[in-house]
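model23.cif (mmCIF, C-alpha atoms and all ligand atoms)
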data_my_file
loop_
_atom_site.label_atom_id
_atom_site.label_comp_id
_atom_site.auth_asym_id
_atom_site.auth_seq_id
_atom_site.Cartn_x
_atom_site.Cartn_y
_atom_site.Cartn_z
CA MET A 1 0.00 0.00 0.00
CA LEU A 2 1.35 3.42 -0.94
CA LEU A 3 2.04 5.92 1.82
CA ALA A 4 -0.64 8.24 0.41
CA GLN A 5 -3.22 5.43 0.55
CA VAL A 6 -2.21 4.55 4.09
CA ASN A 7 -2.48 8.18 5.14
CA GLU A 8 -5.90 8.49 3.52
CA ARG A 9 -7.12 5.59 5.62
CA LEU A 10 -5.36 6.80 8.75
CA SER A 11 -6.63 10.35 8.35
CA THR A 12 -10.01 9.23 9.67
CA TYR A 13 -8.31 8.69 12.98
CA ASN A 14 -5.88 11.63 12.83
CA LEU A 15 -3.02 9.17 12.68
CA CYS A 16 -1.24 10.24 9.49
CA ILE A 17 2.39 9.29 9.11
CA ASP A 18 3.85 12.75 8.76
CA ASN A 19 7.52 11.91 8.55
CA ASP A 20 8.49 9.95 5.46
CA GLN A 21 12.15 10.75 6.12
CA LEU A 22 12.36 7.97 8.69
CA PRO A 23 14.40 4.85 7.81
CA PRO A 24 12.23 2.14 6.21
CA CYS A 25 12.28 -0.10 9.28
CA ALA A 26 11.17 2.79 11.55
CA ARG A 27 8.35 3.66 9.12
CA LEU A 28 7.25 0.04 9.03
CA LYS A 29 7.18 -0.09 12.83
CA GLN A 30 5.22 3.16 12.97
CA LEU A 31 2.82 1.90 10.34
CA ALA A 32 2.28 -1.43 12.13
CA GLU A 33 1.57 0.35 15.40
CA ARG A 34 -0.90 2.72 13.80
CA GLN A 35 -2.65 -0.04 11.91
CA TYR A 36 -3.04 -1.85 15.21
CA ILE A 37 -4.65 1.26 16.68
CA ILE A 38 -7.17 1.22 13.81
CA HIS A 39 -7.84 -2.46 14.48
CA HIS A 40 -8.35 -1.64 18.18
CA GLN A 41 -10.87 1.08 17.38
CA VAL A 42 -12.79 -0.97 14.82
CA ALA A 43 -12.92 -3.95 17.20
CA ALA A 44 -14.20 -1.68 19.96
CA ALA A 45 -17.06 -0.59 17.76
CA ASP A 46 -18.01 -4.14 16.74
CA SER A 47 -17.52 -6.32 19.80
CA SER A 48 -19.74 -6.50 22.85
CA GLN A 49 -16.79 -7.86 24.86
CA VAL A 50 -14.60 -4.93 23.89
CA ARG A 51 -17.41 -2.53 24.72
CA ALA A 52 -17.50 -4.13 28.18
CA TYR A 53 -13.75 -3.66 28.41
CA LEU A 54 -14.11 -0.01 27.57
CA GLY A 55 -16.78 0.32 30.22
CA LEU A 56 -14.30 -0.99 32.80
CA ASN A 57 -11.51 1.32 31.75
CA SER A 58 -11.54 5.05 32.14
CA SER A 59 -9.77 5.62 28.86
CA ALA A 60 -10.55 3.97 25.55
CA GLN A 61 -7.21 5.14 24.23
CA TYR A 62 -4.78 2.49 23.12
CA GLY A 63 -1.68 2.60 25.28
CA TYR A 64 -0.21 2.01 28.70
CA LYS A 65 -2.73 2.11 31.56
CA GLU A 66 -1.62 4.19 34.52
CA TYR A 67 -3.21 1.89 37.10
CA LEU A 68 -0.62 -0.75 36.24
CA SER A 69 2.11 1.29 37.90
CA ARG A 70 0.02 1.90 41.02
CA VAL A 71 -0.17 -1.76 42.05
CA ASN A 72 3.20 -3.04 43.23
CA ASN A 73 2.26 -6.65 43.90
CA ALA A 74 2.45 -8.60 40.64
CA GLN A 75 -0.30 -11.07 41.57
CA LEU A 76 -2.70 -8.28 42.55
CA ARG A 77 -1.80 -6.32 39.41
CA ARG A 78 -2.54 -9.36 37.29
CA SER A 79 -5.90 -9.91 38.99
CA LEU A 80 -6.92 -6.31 38.47
CA ALA A 81 -5.78 -6.29 34.85
CA CYS A 82 -7.65 -9.54 34.10
CA PHE A 83 -10.84 -8.15 35.62
CA ARG A 84 -10.54 -4.91 33.66
CA CYS A 85 -10.01 -6.96 30.50
CA VAL A 86 -13.27 -8.86 31.20
CA ASN A 87 -11.22 -11.99 31.82
CA HIS A 88 -13.32 -13.17 34.76
CA LYS A 89 -15.91 -15.79 35.71
CA LEU A 90 -18.95 -13.60 36.34
CA GLN A 91 -22.19 -14.82 34.74
CA ILE A 92 -22.27 -11.85 32.38
CA GLU A 93 -19.17 -13.31 30.73
CA LEU A 94 -19.82 -17.03 31.25
CA GLY A 95 -23.25 -16.66 29.64
CA ARG A 96 -21.61 -15.15 26.59
CA GLN A 97 -19.40 -18.21 26.22
CA VAL A 98 -22.20 -20.82 26.32
CA LYS A 99 -22.42 -22.77 23.08
CA PRO A 100 -24.12 -23.22 20.74
CA VAL A 101 -26.50 -20.51 21.98
CA LYS A 102 -25.40 -17.74 24.35
CA VAL A 103 -27.49 -17.10 27.45
CA PRO A 104 -29.42 -13.87 26.75
CA MET A 105 -27.65 -11.01 28.49
CA GLN A 106 -30.69 -10.17 30.64
CA GLN A 107 -30.79 -13.77 31.95
CA ARG A 108 -27.21 -14.09 33.17
CA TYR A 109 -28.36 -14.01 36.78
CA CYS A 110 -26.27 -13.93 39.91
CA LYS A 111 -26.41 -17.31 41.67
CA LEU A 112 -25.44 -15.97 45.08
CA CYS A 113 -28.36 -13.72 45.92
CA ASN A 114 -32.10 -13.55 45.35
CA LEU A 115 -32.20 -10.09 43.81
CA GLY A 116 -32.86 -11.53 40.36
CA ALA A 117 -30.04 -9.38 39.04
CA VAL A 118 -27.60 -9.94 36.23
CA GLU A 119 -24.20 -10.78 37.67
CA ASP A 120 -22.15 -8.11 35.99
CA GLU A 121 -19.16 -6.17 37.33
CA ASP A 122 -21.33 -3.52 38.95
CA HIS A 123 -23.48 -6.08 40.78
CA PHE A 124 -20.45 -8.09 41.85
CA LEU A 125 -18.39 -5.25 43.32
CA LEU A 126 -21.05 -2.84 44.60
CA ILE A 127 -24.45 -4.43 45.04
CA CYS A 128 -24.59 -8.18 45.67
CA PRO A 129 -25.23 -8.83 49.39
CA ALA A 130 -22.98 -11.91 49.28
CA TYR A 131 -19.94 -9.62 49.48
CA GLN A 132 -21.23 -7.11 52.02
CA SER A 133 -18.82 -8.29 54.71
CA VAL A 134 -15.90 -7.70 52.34
CA ARG A 135 -17.21 -4.23 51.52
CA GLU A 136 -17.48 -3.44 55.21
CA ARG A 137 -13.79 -4.16 55.63
CA PHE A 138 -12.76 -1.90 52.73
CA LYS A 139 -15.32 0.90 52.88
CA GLY A 140 -12.94 3.13 54.85
CA SER A 141 -10.50 3.10 51.94
CA LEU A 142 -12.69 2.74 48.86
CA PRO A 143 -15.89 4.40 47.59
CA LEU A 144 -18.18 1.41 48.20
CA THR A 145 -21.86 2.21 48.28
CA ALA A 146 -24.67 0.79 46.19
CA ILE A 147 -24.96 4.15 44.45
CA THR A 148 -21.24 4.53 43.72
CA PRO A 149 -20.79 4.46 39.94
CA LEU A 150 -18.57 1.56 38.94
CA ALA A 151 -16.36 3.95 36.98
CA GLU A 152 -15.73 5.96 40.15
CA LEU A 153 -14.64 2.87 42.06
CA LEU A 154 -12.39 1.64 39.27
CA SER A 155 -10.73 5.02 38.79
CA CYS A 156 -9.99 5.62 42.47
CA GLN A 157 -6.45 6.51 43.48
CA GLN A 158 -5.98 3.46 45.73
CA GLN A 159 -5.57 0.89 42.98
CA GLY A 160 -3.57 -1.46 45.20
CA ILE A 161 -6.38 -1.53 47.77
CA LEU A 162 -8.92 -1.90 44.97
CA ALA A 163 -7.02 -4.95 43.72
CA ARG A 164 -7.02 -6.47 47.23
CA PHE A 165 -10.76 -5.83 47.54
CA LEU A 166 -11.38 -7.46 44.16
CA VAL A 167 -9.38 -10.56 45.08
CA GLN A 168 -11.19 -10.88 48.42
CA CYS A 169 -14.54 -10.74 46.61
CA GLN A 170 -13.35 -13.36 44.13
CA ILE A 171 -12.26 -15.65 46.98
CA VAL A 172 -15.65 -15.31 48.70
CA ARG A 173 -17.42 -15.97 45.42
CA PHE A 174 -15.38 -19.10 44.77
CA GLU A 175 -16.00 -20.41 48.29
CA LEU A 176 -19.74 -19.76 48.16
CA LEU A 177 -20.14 -21.37 44.75
CA HIS A 178 -18.15 -24.46 45.75
CA GLN A 179 -19.68 -25.08 49.16
CA THR A 180 -20.63 -28.72 49.60
ZN ZN B 201 -25.88 -11.25 43.69
#

Structure rendered as C-alpha cells:
Amino acid sequence: MLLAQVNERLSTYNLCIDNDQLPPCARLKQLAERQYIIHHQVAAADSSQVRAYLGLNSSAQYGYKEYLSRVNNAQLRRSLACFRCVNHKLQIELGRQVKPVKVPMQQRYCKLCNLGAVEDEDHFLLICPAYQSVRERFKGSLPLTAITPLAELLSCQQQGILARFLVQCQIVRFELLHQT
C-alpha cells in the first residue's frame, strides 16, 4: 500500500504518518503500530466484549494504563488487569461463552443472591449482598456504596487496595459457589 493510501485511511483517525524521512524499518514499525490502533478502534465498535472492556476502563485510548504502575504486587496487578479486560468468571461473561447458543444477556443471573439481578461487574463489586462483609472491611478506603458508579470505584487513586478488595470478593465468590 502506498504511503498516500495509508495516510488516507489513517486520516479518519488523525493518525497520518507525517515523517516519510524515517528509515524504512522505523516507518514500518510506525505503520504497524498505527494499523493496530485502527484495528483496536474498529474492534471496539463491533464487539460486545470490547465494549464491556471499555466500560471498565476510564480511557478507551490504546496505550499504557496508569493503574498498572500503582499496584506493586504482581499477583494483585494481574488480577486487576484480568478483571478490567473482562477476563473473569462472572455470569455476564460465562453466559456469553455458552455454546451453541449464548445465554441472553438479561438472563445471566447472579447465583449468590435472590435479587434476580444480572451478575455483571457492577453487581459483583457494589451491590450483591454476598460480598457485604468484604465491603465493610474496605469501605474506609474505597468508595463502596450501592450508588457509587462503577467507573468511580475503578478510577480511584488506591488501585492497590482496589485490587485487594477485588481478590477478596473473588475468593468469597469461589467459596460460596463451591460449598458442599
Ligand atoms: Zn448477587

Item to complete: Rank A:Arg70, A:Arg173, A:Arg164, A:His123 by their smallest atom-to-atom distance to ligand ZN 201 (chain B), using all atoms listed in the file, and report the top residue only.
Response: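 Selected residue with least distance to ligand ZN 201 (chain B): A:His123.
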
Against ligand ZN 201 (chain B), which residues of chain A fall within 9 Å? For each one I want the closest pair of atoms and the distance in Å (one decimal), counting all atoms listed in the file, rows by chain and increasing residue number, as a Markdown table.
| residue | atom | partner | partner_atom | distance |
| --- | --- | --- | --- | --- |
| A:Tyr109 | CA | B:ZN201 | ZN | 7.8 |
| A:Cys110 | CA | B:ZN201 | ZN | 4.7 |
| A:Lys111 | CA | B:ZN201 | ZN | 6.4 |
| A:Leu112 | CA | B:ZN201 | ZN | 4.9 |
| A:Cys113 | CA | B:ZN201 | ZN | 4.2 |
| A:Asn114 | CA | B:ZN201 | ZN | 6.8 |
| A:Leu115 | CA | B:ZN201 | ZN | 6.4 |
| A:Gly116 | CA | B:ZN201 | ZN | 7.7 |
| A:Ala117 | CA | B:ZN201 | ZN | 6.5 |
| A:Val118 | CA | B:ZN201 | ZN | 7.8 |
| A:Glu119 | CA | B:ZN201 | ZN | 6.3 |
| A:His123 | CA | B:ZN201 | ZN | 6.4 |
| A:Phe124 | CA | B:ZN201 | ZN | 6.5 |
| A:Ile127 | CA | B:ZN201 | ZN | 7.1 |
| A:Cys128 | CA | B:ZN201 | ZN | 3.9 |
| A:Pro129 | CA | B:ZN201 | ZN | 6.2 |
| A:Ala130 | CA | B:ZN201 | ZN | 6.3 |
| A:Tyr131 | CA | B:ZN201 | ZN | 8.5 |

Discussion item. Counting only C-alpha atoms, I want the residues whose atoms come within 6 Å of (-13.5, -6.0, 48.5) in the file frame, returned as a list in words.
Written reply: Val134, Arg135, Phe138, Phe165, Leu166, Gln168 and Cys169 of chain A

Practice prompt. Quick one: pull the distance between atom CA of Leu80 of chain A and atom CA of Pro104 of chain A, Å, one decimal.
Written response: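 Atom CA of Pro104 of chain A lies 26.5 Å from atom CA of Leu80 of chain A.
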
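Across the model, the gap from atom CA of Gln179 of chain A to atom CA of Leu142 of chain A is 28.7 Å.
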
Worksheet item: What is the distance between atom CA of Pro149 of chain A and atom CA of Leu126 of chain A, in Å to one decimal?
Response: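 Interatomic distance, atom CA of Pro149 of chain A to atom CA of Leu126 of chain A: 8.7 Å.
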
Discussion item. Show me the residues close to (-26.0, 1.6, 51.9) - anything with an atom within 10 Å, counting all atoms listed in the file - and format the list as a list in words.
Written reply: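 Output of the proximity query reads Leu126, Ile127, Gln132, Leu144, Thr145, Ala146, Ile147 and Thr148 of chain A.
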
Worksheet item: When distances are computed from all atoms listed in the file, which of A:Arg108, A:Gln158, A:Arg77, A:Val103 shows the smallest separation from Leu90 of chain A?
Response: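 Closest candidate: A:Arg108.
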
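With only C-alpha atoms as the atoms that count, the minimum distance from His88 of chain A to the choices A:Val167, A:Ala74, A:Ile37, A:Val101 is reached by A:Val167.
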
Discussion item. Which residues are near Asp120 of chain A? Cut-off 8 Å, only C-alpha atoms, ignore same chain within fewer than 5 positions. Put them as a ChimeraX atom specification.
Written reply: /A:90-93

If I wrap all listed atoms of segment 95-100 of chain A in a box with edges along x, y and z and add 6 Å on each side, what are its centre and edge lengths in Å to one decimal, as JSON?
{"center_x": -21.8, "center_y": -19.2, "center_z": 25.2, "size_x": 16.7, "size_y": 20.1, "size_z": 20.9}

Worksheet item: A:Gln106, A:Leu177, A:Phe83, A:Gln159: which is nearest Ser69 of chain A, counting only C-alpha atoms?
Response: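 With only C-alpha atoms as the atom set, the closest residue is A:Gln159.
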
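Distances to Cys156 of chain A were evaluated for A:Asn72, A:Lys139, A:Tyr67, A:Leu125 using all atoms listed in the file, and the minimum falls at A:Tyr67.
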
Item to complete: Using all atoms listed in the file, find the one residue out of A:Ser155, A:Gln170, A:Gln107, A:Gln97 that sits nearest to Ser79 of chain A.
Response: A:Gln170

May I ask you to restore N, CA and C atoms in segment 148-177 of chain A and write the result as a short mmCIF file (atom, residue, chain, number, x, y, z; two decimals), in the frame of the given file?
data_model
loop_
_atom_site.label_atom_id
_atom_site.label_comp_id
_atom_site.auth_asym_id
_atom_site.auth_seq_id
_atom_site.Cartn_x
_atom_site.Cartn_y
_atom_site.Cartn_z
N THR A 148 -22.51 4.12 44.31
CA THR A 148 -21.24 4.53 43.72
C THR A 148 -21.20 4.05 42.27
N PRO A 149 -20.95 4.95 41.31
CA PRO A 149 -20.79 4.46 39.94
C PRO A 149 -19.56 3.56 39.84
N LEU A 150 -19.69 2.48 39.08
CA LEU A 150 -18.57 1.56 38.94
C LEU A 150 -17.31 2.28 38.44
N ALA A 151 -17.51 3.22 37.54
CA ALA A 151 -16.36 3.95 36.98
C ALA A 151 -15.62 4.72 38.07
N GLU A 152 -16.38 5.23 39.05
CA GLU A 152 -15.73 5.96 40.15
C GLU A 152 -14.87 5.02 41.00
N LEU A 153 -15.41 3.85 41.29
CA LEU A 153 -14.64 2.87 42.06
C LEU A 153 -13.38 2.47 41.31
N LEU A 154 -13.54 2.16 40.03
CA LEU A 154 -12.39 1.64 39.27
C LEU A 154 -11.34 2.70 38.98
N SER A 155 -11.72 3.96 39.08
CA SER A 155 -10.73 5.02 38.79
C SER A 155 -10.19 5.65 40.07
N CYS A 156 -10.47 5.04 41.22
CA CYS A 156 -9.99 5.62 42.47
C CYS A 156 -8.46 5.59 42.51
N GLN A 157 -7.90 6.40 43.40
CA GLN A 157 -6.45 6.51 43.48
C GLN A 157 -5.81 5.26 44.08
N GLN A 158 -6.56 4.59 44.98
CA GLN A 158 -5.98 3.46 45.73
C GLN A 158 -6.11 2.16 44.94
N GLN A 159 -5.41 2.06 43.84
CA GLN A 159 -5.57 0.89 42.98
C GLN A 159 -5.06 -0.40 43.63
N GLY A 160 -4.06 -0.27 44.49
CA GLY A 160 -3.57 -1.46 45.20
C GLY A 160 -4.63 -2.00 46.15
N ILE A 161 -5.31 -1.10 46.86
CA ILE A 161 -6.38 -1.53 47.77
C ILE A 161 -7.55 -2.07 46.96
N LEU A 162 -7.86 -1.41 45.85
CA LEU A 162 -8.92 -1.90 44.97
C LEU A 162 -8.64 -3.34 44.52
N ALA A 163 -7.38 -3.60 44.17
CA ALA A 163 -7.02 -4.95 43.72
C ALA A 163 -7.20 -5.95 44.85
N ARG A 164 -6.84 -5.56 46.09
CA ARG A 164 -7.02 -6.47 47.23
C ARG A 164 -8.51 -6.74 47.48
N PHE A 165 -9.31 -5.68 47.38
CA PHE A 165 -10.76 -5.83 47.54
C PHE A 165 -11.32 -6.79 46.49
N LEU A 166 -10.92 -6.60 45.25
CA LEU A 166 -11.38 -7.46 44.16
C LEU A 166 -11.04 -8.92 44.43
N VAL A 167 -9.81 -9.17 44.83
CA VAL A 167 -9.38 -10.56 45.08
C VAL A 167 -10.15 -11.16 46.25
N GLN A 168 -10.40 -10.37 47.29
CA GLN A 168 -11.19 -10.88 48.42
C GLN A 168 -12.60 -11.26 47.97
N CYS A 169 -13.20 -10.43 47.14
CA CYS A 169 -14.54 -10.74 46.61
C CYS A 169 -14.50 -12.01 45.77
N GLN A 170 -13.46 -12.16 44.97
CA GLN A 170 -13.35 -13.36 44.13
C GLN A 170 -13.18 -14.62 44.98
N ILE A 171 -12.43 -14.50 46.09
CA ILE A 171 -12.26 -15.65 46.98
C ILE A 171 -13.61 -16.04 47.61
N VAL A 172 -14.33 -15.04 48.10
CA VAL A 172 -15.65 -15.31 48.70
C VAL A 172 -16.57 -15.95 47.68
N ARG A 173 -16.57 -15.41 46.48
CA ARG A 173 -17.42 -15.97 45.42
C ARG A 173 -17.09 -17.43 45.16
N PHE A 174 -15.81 -17.72 45.04
CA PHE A 174 -15.38 -19.10 44.77
C PHE A 174 -15.84 -20.02 45.90
N GLU A 175 -15.63 -19.57 47.14
CA GLU A 175 -16.00 -20.41 48.29
C GLU A 175 -17.51 -20.65 48.34
N LEU A 176 -18.29 -19.61 48.12
CA LEU A 176 -19.74 -19.76 48.16
C LEU A 176 -20.27 -20.67 47.05
N LEU A 177 -19.68 -20.56 45.88
CA LEU A 177 -20.14 -21.37 44.75
C LEU A 177 -19.71 -22.84 44.87
#
